[in-house]
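Trainee: Here you go, target_13.txt (compact mmCIF, C-alpha atoms):
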```txt
# COMPACT_ATOMS: atom_id res chain seq x y z
CA MET A 148 -90.60 51.11 107.42
CA LYS A 149 -93.27 52.34 105.03
CA LEU A 150 -95.43 49.31 105.87
CA THR A 151 -95.17 50.06 109.60
CA LYS A 152 -96.18 53.65 108.97
CA TRP A 153 -99.32 52.71 107.10
CA ILE A 154 -100.25 50.06 109.67
CA LEU A 155 -100.15 52.71 112.39
CA ILE A 156 -102.26 55.15 110.40
CA GLY A 157 -104.70 52.44 109.32
CA ALA A 158 -105.14 51.20 112.87
CA ALA A 159 -105.81 54.73 114.07
CA ALA A 160 -108.41 55.28 111.36
CA ALA A 161 -110.16 52.01 112.25
CA LEU A 162 -110.31 52.96 115.91
CA LEU A 163 -111.64 56.40 115.10
CA THR A 164 -114.49 54.87 113.11
CA THR A 165 -115.46 52.40 115.88
CA PRO A 166 -117.51 54.50 118.31
CA THR A 167 -119.14 53.46 121.52
CA PHE A 168 -122.81 54.34 121.85
CA ALA A 169 -124.75 56.32 124.41
CA THR A 170 -128.29 54.98 124.58
CA THR A 171 -131.16 57.07 125.92
CA TYR A 172 -134.44 55.79 127.32
CA TRP A 173 -137.32 58.07 128.27
CA GLY A 174 -139.83 57.16 130.92
CA GLY A 175 -142.98 58.22 132.69
CA PHE A 176 -144.28 57.36 136.13
CA GLU A 177 -147.83 57.02 137.46
CA ASP A 178 -147.96 57.70 141.20
CA THR A 179 -151.51 56.58 142.09
CA SER A 180 -153.43 53.30 141.94
CA GLY A 181 -157.11 52.49 141.85
CA SER A 182 -160.09 54.78 141.39
CA SER A 183 -158.12 57.97 142.04
CA ALA A 184 -155.60 57.21 139.27
CA ASP A 185 -155.84 58.47 135.70
CA TYR A 186 -152.93 56.38 134.40
CA ASP A 187 -151.51 59.21 132.34
CA TYR A 188 -147.94 58.42 133.47
CA ASN A 189 -147.01 62.10 133.55
CA ASP A 190 -146.24 62.45 137.26
CA LEU A 191 -142.52 62.16 136.63
CA ILE A 192 -141.11 62.29 133.09
CA PHE A 193 -137.43 61.44 132.93
CA SER A 194 -134.53 60.18 130.83
CA LEU A 195 -131.72 57.69 131.40
CA THR A 196 -128.55 57.81 129.29
CA GLY A 197 -125.49 55.57 129.46
CA THR A 198 -122.84 53.90 127.36
CA ASN A 199 -124.34 50.64 126.14
CA LEU A 200 -127.29 51.15 128.48
CA THR A 201 -129.75 48.33 127.69
CA LEU A 202 -133.35 47.84 128.76
CA HIS A 203 -134.29 44.19 129.37
CA THR A 204 -137.77 42.68 129.43
CA PRO A 205 -138.92 39.09 128.81
CA THR A 206 -142.47 40.15 127.90
CA GLY A 207 -142.35 43.54 126.18
CA GLN A 208 -141.66 44.72 122.66
CA TRP A 209 -141.08 48.06 120.93
CA PHE A 210 -143.79 49.78 118.86
CA ASN A 211 -143.72 52.80 116.58
CA GLN A 212 -145.81 55.81 117.59
CA SER A 213 -148.32 55.06 114.84
CA ALA A 214 -149.41 51.94 116.73
CA ALA A 215 -150.63 54.05 119.64
CA GLY A 216 -153.49 55.62 117.70
CA ALA A 217 -154.91 58.93 118.85
CA LEU A 218 -153.57 60.21 122.17
CA ASN A 219 -155.94 60.66 125.13
CA THR A 220 -158.29 57.91 124.02
CA GLY A 221 -160.33 57.69 127.21
CA SER A 222 -160.48 58.01 130.97
CA GLY A 223 -157.91 55.89 132.71
CA ALA A 224 -159.50 55.68 136.14
CA ASN A 225 -160.34 52.05 136.94
CA GLY A 226 -160.33 51.27 133.24
CA LEU A 227 -156.88 51.76 131.74
CA ALA A 228 -158.85 52.68 128.64
CA GLY A 229 -155.90 53.83 126.58
CA THR A 230 -154.19 51.63 124.06
CA PRO A 231 -151.36 51.41 124.92
CA PHE A 232 -151.74 51.54 128.69
CA TRP A 233 -150.22 55.04 129.14
CA ASN A 234 -152.51 56.60 126.54
CA ASN A 235 -155.22 57.95 128.86
CA SER A 236 -156.93 61.27 129.44
CA SER A 237 -155.25 63.19 132.23
CA LEU A 238 -157.07 64.59 135.24
CA ASP A 239 -154.33 67.26 135.38
CA GLY A 240 -155.92 69.23 132.56
CA ALA A 241 -157.51 69.05 129.15
CA GLY A 242 -155.79 69.37 125.81
CA GLY A 243 -153.21 66.63 126.01
CA MET A 244 -151.46 66.25 129.36
CA ASN A 245 -150.48 62.60 129.28
CA LEU A 246 -147.04 61.08 128.78
CA GLY A 247 -147.63 60.47 125.09
CA TRP A 248 -148.08 64.17 124.39
CA ALA A 249 -144.88 64.93 126.32
CA ILE A 250 -142.81 62.44 124.34
CA TYR A 251 -144.33 62.93 120.89
CA GLY A 252 -145.35 66.60 121.06
CA GLY A 253 -148.58 68.52 120.73
CA GLY A 254 -151.19 69.08 123.39
CA ALA A 255 -150.87 71.25 126.45
CA ILE A 256 -148.02 69.52 128.26
CA ASN A 257 -144.51 71.01 127.98
CA GLY A 258 -145.86 73.80 125.78
CA GLY A 259 -146.52 71.29 123.00
CA THR A 260 -142.80 70.58 122.52
CA ALA A 261 -141.85 66.93 122.04
CA LEU A 262 -139.19 65.57 124.36
CA ALA A 263 -138.31 62.56 122.20
CA PRO A 264 -140.12 62.62 118.84
CA GLY A 265 -139.74 59.48 116.77
CA SER A 266 -139.14 57.24 119.77
CA GLN A 267 -140.68 53.81 120.06
CA TYR A 268 -142.74 52.83 123.10
CA LEU A 269 -142.59 49.66 125.16
CA ALA A 270 -145.68 47.50 125.73
CA THR A 271 -146.84 43.90 125.64
CA PRO A 272 -148.15 42.61 122.29
CA THR A 273 -151.68 43.63 123.37
CA GLY A 274 -150.67 47.14 124.49
CA THR A 275 -150.64 46.50 128.24
CA SER A 276 -147.93 47.45 130.72
CA VAL A 277 -144.60 45.66 130.86
CA ASN A 278 -144.05 44.59 134.46
CA ASP A 279 -140.52 43.15 134.30
CA VAL A 280 -138.12 45.90 133.16
CA TRP A 281 -134.51 46.06 134.32
CA PHE A 282 -131.31 47.62 132.96
CA SER A 283 -127.66 46.78 132.33
CA VAL A 284 -124.97 49.35 131.56
CA THR A 285 -121.25 49.82 130.97
CA GLY A 286 -120.06 52.45 133.43
CA ASP A 287 -122.11 55.49 134.46
CA VAL A 288 -125.76 56.42 133.97
CA SER A 289 -127.04 59.98 133.67
CA GLU A 290 -130.57 60.51 135.03
CA GLN A 291 -132.72 63.61 134.67
CA VAL A 292 -136.33 64.44 135.54
CA PHE A 293 -137.68 66.96 133.01
CA LEU A 294 -141.29 67.32 134.16
CA ALA A 295 -143.03 66.65 137.46
CA ILE A 296 -146.74 67.21 136.89
CA SER A 297 -148.59 67.86 140.18
CA SER A 298 -146.15 65.54 141.93
CA ALA A 299 -143.19 67.57 143.12
CA GLY A 300 -142.84 65.27 146.14
CA ASN A 301 -142.25 62.09 144.11
CA SER A 302 -138.69 60.75 143.96
CA LEU A 303 -137.05 58.61 141.30
CA GLY A 304 -134.18 56.28 142.14
CA TRP A 305 -132.52 52.95 141.47
CA GLN A 306 -131.70 49.67 143.15
CA LEU A 307 -129.47 46.78 142.17
CA ARG A 308 -131.49 43.96 140.68
CA SER A 309 -129.99 41.66 143.27
CA GLY A 310 -131.41 43.86 146.05
CA GLY A 311 -129.83 46.10 148.64
CA ALA A 312 -130.17 49.82 149.30
CA VAL A 313 -132.57 52.02 147.33
CA HIS A 314 -130.88 55.17 146.04
CA LEU A 315 -133.40 57.99 145.60
CA PHE A 316 -132.68 61.29 143.89
CA THR A 317 -134.01 64.71 144.86
CA PRO A 318 -137.82 64.91 144.46
CA GLY A 319 -139.40 66.69 141.51
CA VAL A 320 -137.59 68.21 138.54
CA GLN A 321 -133.84 67.71 138.90
CA GLY A 322 -130.61 66.59 137.28
CA PRO A 323 -128.77 65.56 135.40
CA VAL A 324 -127.47 63.21 138.09
CA THR A 325 -124.77 60.63 137.39
CA PHE A 326 -124.62 57.30 139.18
CA THR A 327 -122.64 54.10 138.72
CA PRO A 328 -124.75 51.06 139.60
CA GLY A 329 -121.94 48.53 139.21
CA GLY A 330 -124.42 45.87 138.12
CA ASP A 331 -127.87 45.30 136.68
CA PHE A 332 -130.44 47.61 138.22
CA VAL A 333 -134.14 48.46 138.38
CA LEU A 334 -135.84 51.83 138.74
CA VAL A 335 -137.66 52.74 141.92
CA ALA A 336 -140.12 55.62 142.44
CA ASN A 337 -141.29 56.75 145.84
CA ALA A 338 -144.75 58.28 145.91
CA GLY A 339 -145.68 57.28 149.46
CA PRO A 340 -145.74 53.65 148.43
CA ALA A 341 -142.70 52.57 146.43
CA PHE A 342 -143.02 51.25 142.88
CA THR A 343 -140.33 49.35 140.95
CA SER A 344 -139.90 48.84 137.22
CA ASP A 345 -139.69 45.05 137.45
CA THR A 346 -142.93 44.35 139.32
CA ALA A 347 -146.62 45.09 138.94
CA SER A 348 -148.33 46.95 141.76
CA GLY A 349 -151.59 46.03 143.46
CA ASP A 350 -153.62 47.17 140.46
CA GLY A 351 -151.84 44.63 138.27
CA VAL A 352 -149.88 47.09 136.13
CA SER A 353 -146.44 48.62 136.09
CA HIS A 354 -146.33 52.26 137.13
CA PHE A 355 -143.50 52.93 134.69
CA ALA A 356 -143.72 53.44 130.93
CA PHE A 357 -140.66 53.51 128.67
CA PHE A 358 -139.68 54.94 125.30
CA GLN A 359 -136.55 54.21 123.28
CA ALA A 360 -134.58 56.90 121.51
CA THR A 361 -131.92 56.25 118.87
CA ALA A 362 -128.43 55.40 120.11
CA VAL A 363 -125.86 58.07 119.21
CA PRO A 364 -122.06 57.79 118.95
CA GLU A 365 -120.03 59.46 121.68
CA PRO A 366 -116.29 60.11 122.22
CA SER A 367 -114.59 57.26 124.02
CA SER A 368 -111.23 56.07 125.20
CA ILE A 369 -111.03 54.07 121.96
CA GLY A 370 -111.45 57.26 119.96
CA LEU A 371 -108.81 59.04 122.03
CA LEU A 372 -106.43 56.12 121.46
CA GLY A 373 -107.13 56.42 117.76
CA PHE A 374 -106.13 60.08 117.79
CA ALA A 375 -102.95 59.17 119.64
CA LEU A 376 -102.05 56.48 117.11
CA LEU A 377 -102.87 58.76 114.21
CA GLY A 378 -100.65 61.49 115.64
CA GLY A 379 -97.87 59.00 116.22
CA GLY A 380 -98.15 57.70 112.68
CA LEU A 381 -97.98 61.18 111.17
CA ALA A 382 -94.98 62.08 113.32
CA PHE A 383 -93.28 58.83 112.27
CA ARG A 384 -93.96 59.66 108.63
CA LYS A 385 -92.47 63.14 108.99
CA ARG A 386 -89.37 61.78 110.71
CA MET A 387 -88.85 59.22 107.94
CA LYS A 388 -89.08 61.93 105.28
CA ARG A 389 -86.33 63.90 107.05
CA SER A 390 -84.07 60.86 107.16
```
Using structure tokens, write down the structure from this file.
Mentor:
Amino acid sequence: MKLTKWILIGAAAALLTTPTFATTYWGGFEDTSGSSADYDYNDLIFSLTGTNLTLHTPTGQWFNQSAAGALNTGSGANGLAGTPFWNNSSLDGAGGMNLGWAIYGGGAINGGTALAPGSQYLATPTGTSVNDVWFSVTGDVSEQVFLAISSAGNSLGWQLRSGGAVHLFTPGVQGPVTFTPGGDFVLVANAGPAFTSDTASGDGVSHFAFFQATAVPEPSSIGLLGFALLGGGLAFRKRMKRS
């Protein structure tokens, strides 16, 4: 009987120390192509969070912030002068209005407060845009748009990677919104023309940029089962003492 008791308690402890993980990705969207674009990727700045949410790309890799160099390195119009590709001066205002300042902090955007300090950014080995991003997830995804810089009419959404309907959220700042894709999916942004995360647009670049935050443990059904087993084991132990 004593062995059974300790097996129950040990199993509960093991389950309690085996968390699932909620992964968060941050992103920015550039809504204009060609000579009128500044490629600052600040038109929509958003996050995606989900249990075991995974970003997939055959061509991209993750870089630390230090690899980006100084933010706002040059004018983006027709030149994509920044290294990496999202690191361009913004036509929306001086003092740091691009996506990099929003994620890492400093500058004029978001009052200088970093949305995701310490995150890594996604780019090709030469710092250019990654044009083939898609996601997989276990269960639900929580989406939220935190900033919509001079682009309140732009909408973010998603579509199954296999195709089908495009599901757009409310334009501008909104959320959090929860959706359950039920399969691998890509992001879609509607800015007049539609842009997707897994294709380059007519200017040859992706209009999405992504940053990776650290995965954090979250309560799960496994954890709840662990509590149940632990409670059962303690009750069993108490009953055995009485007998």
Trainee: Excluding segment 282-291 of chain A and residues on its chain fewer than 3 positions from it, collect all residues at most 8 Å away from it, counting all atoms listed in the file, and give them as a tab-separated table (two decimals) with C-alpha atoms, keeping the file's coordinate frame.
Mentor:
```tsv
chain	number	residue	atom	x	y	z
A	193	PHE	CA	-137.43	61.44	132.93
A	194	SER	CA	-134.53	60.18	130.83
A	195	LEU	CA	-131.72	57.69	131.40
A	196	THR	CA	-128.55	57.81	129.29
A	197	GLY	CA	-125.49	55.57	129.46
A	198	THR	CA	-122.84	53.90	127.36
A	199	ASN	CA	-124.34	50.64	126.14
A	200	LEU	CA	-127.29	51.15	128.48
A	201	THR	CA	-129.75	48.33	127.69
A	202	LEU	CA	-133.35	47.84	128.76
A	203	HIS	CA	-134.29	44.19	129.37
A	320	VAL	CA	-137.59	68.21	138.54
A	321	GLN	CA	-133.84	67.71	138.90
A	322	GLY	CA	-130.61	66.59	137.28
A	323	PRO	CA	-128.77	65.56	135.40
A	324	VAL	CA	-127.47	63.21	138.09
A	325	THR	CA	-124.77	60.63	137.39
A	326	PHE	CA	-124.62	57.30	139.18
A	327	THR	CA	-122.64	54.10	138.72
A	328	PRO	CA	-124.75	51.06	139.60
A	329	GLY	CA	-121.94	48.53	139.21
A	330	GLY	CA	-124.42	45.87	138.12
A	331	ASP	CA	-127.87	45.30	136.68
A	332	PHE	CA	-130.44	47.61	138.22
A	333	VAL	CA	-134.14	48.46	138.38
```
Trainee: Ranking A:Phe316, A:Tyr188, A:Tyr172, A:Phe342 by minimum distance to Asn234 of chain A and counting all atoms listed in the file, which one comes first?
Mentor: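 Checking each candidate against Asn234 of chain A, we get A:Tyr188 as the closest.
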Trainee: Could you state the separation of atom CA of Pro264 of chain A and atom CA of Phe210 of chain A in Å, given to one decimal place?
Mentor: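 Rounded to one decimal, the two atoms are 13.4 Å apart.
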Trainee: Near Thr343 of chain A, within 7 Å and counting all atoms listed in the file, which residues show up once chain neighbours fewer than 3 positions away are dropped, as a ChimeraX atom specification?
Mentor: /A:333-336,346
Trainee: I need the residue nearest Ala214 of chain A from this list: A:Gln359, A:Thr230, A:Thr260, A:Ser237. Use all atoms listed in the file for the distance.
Mentor: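 Of the candidates, the smallest distance to Ala214 of chain A is held by A:Thr230.
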Trainee: Rounded to one decimal place, report the atom CA of Ala261 of chain A-atom CA of Thr179 of chain A distance in Å.
Mentor: 24.5 Å
Trainee: Rounded to one decimal place, report the atom CA of Gln208 of chain A-atom CA of Leu269 of chain A distance in Å.
Mentor: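 If I compute the distance from atom CA of Gln208 of chain A to atom CA of Leu269 of chain A, I get 5.6 Å.
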Trainee: Using only C-alpha atoms, collect all residues at a distance of at most 9 Å from (-141.6, 59.4, 148.2) as written in the file, then present them as a VMD selection string.
Mentor: chain A and resid 300 to 303 315 318 336 to 341
Trainee: Just checking: using only C-alpha atoms, which residue out of A:Gly319, A:Gly258, A:Gly181, A:Gly311 ends up closest to Phe293 of chain A?
Mentor: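 Smallest distance to Phe293 of chain A is found for A:Gly319.
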Trainee: From the list A:Leu294, A:Met244, A:Ala360, A:Leu307, which residue is nearest Ile256 of chain A when using all atoms listed in the file?
Mentor: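 Smallest separation from Ile256 of chain A among the options: A:Met244.
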Trainee: For each of A:Gly175, A:Thr206, A:Ala215, A:Gly310, take the minimum atom-to-atom distance to Ile250 of chain A, counting only C-alpha atoms, then give the residue where this is smallest.
Mentor: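 Of A:Gly175, A:Thr206, A:Ala215, A:Gly310, the one nearest Ile250 of chain A, counting only C-alpha atoms, is A:Gly175.
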Trainee: Nearest to His354 of chain A among A:Ser276, A:Thr317, A:Gln306, A:Ser213, with distances taken over only C-alpha atoms: which residue is it?
Mentor: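 Under the stated criterion, the closest residue is A:Ser276.
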Trainee: If the box runs along x, y and z of the file and leaves 3 Å on each side of segment 230-245 of chain A, what are its centre and edge lengths in Å, one decimal, as AutoDock Vina command-line options?
Mentor:
```
--center_x -153.9 --center_y 60.4 --center_z 129.7 --size_x 13.3 --size_y 24.0 --size_z 17.3
```
Trainee: Can you pull out every residue within 10 Å of Thr273 of chain A, counting only C-alpha atoms, but drop anything in the same chain fewer than 2 positions away, and send it as a PyMOL selection string?
Mentor: chain A and resi 207+230-232+270-271+275-276
Trainee: Considering all atoms listed in the file, return as a compact mmCIF listing (two decimals) with C-alpha atoms, keeping the file's coordinate frame whatever protein or nucleic-acid residues lie within 12 Å of Ala241 of chain A, sequence-local ones (same chain, fewer than 6 positions apart) excluded.
Mentor:
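Produced file around.txt, reproduced below:
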```txt
# COMPACT_ATOMS: atom_id res chain seq x y z
CA ASP A 187 -151.51 59.21 132.34
CA LEU A 218 -153.57 60.21 122.17
CA ASN A 219 -155.94 60.66 125.13
CA GLY A 221 -160.33 57.69 127.21
CA SER A 222 -160.48 58.01 130.97
CA ASN A 235 -155.22 57.95 128.86
CA TRP A 248 -148.08 64.17 124.39
CA GLY A 254 -151.19 69.08 123.39
CA ALA A 255 -150.87 71.25 126.45
CA ILE A 256 -148.02 69.52 128.26
```
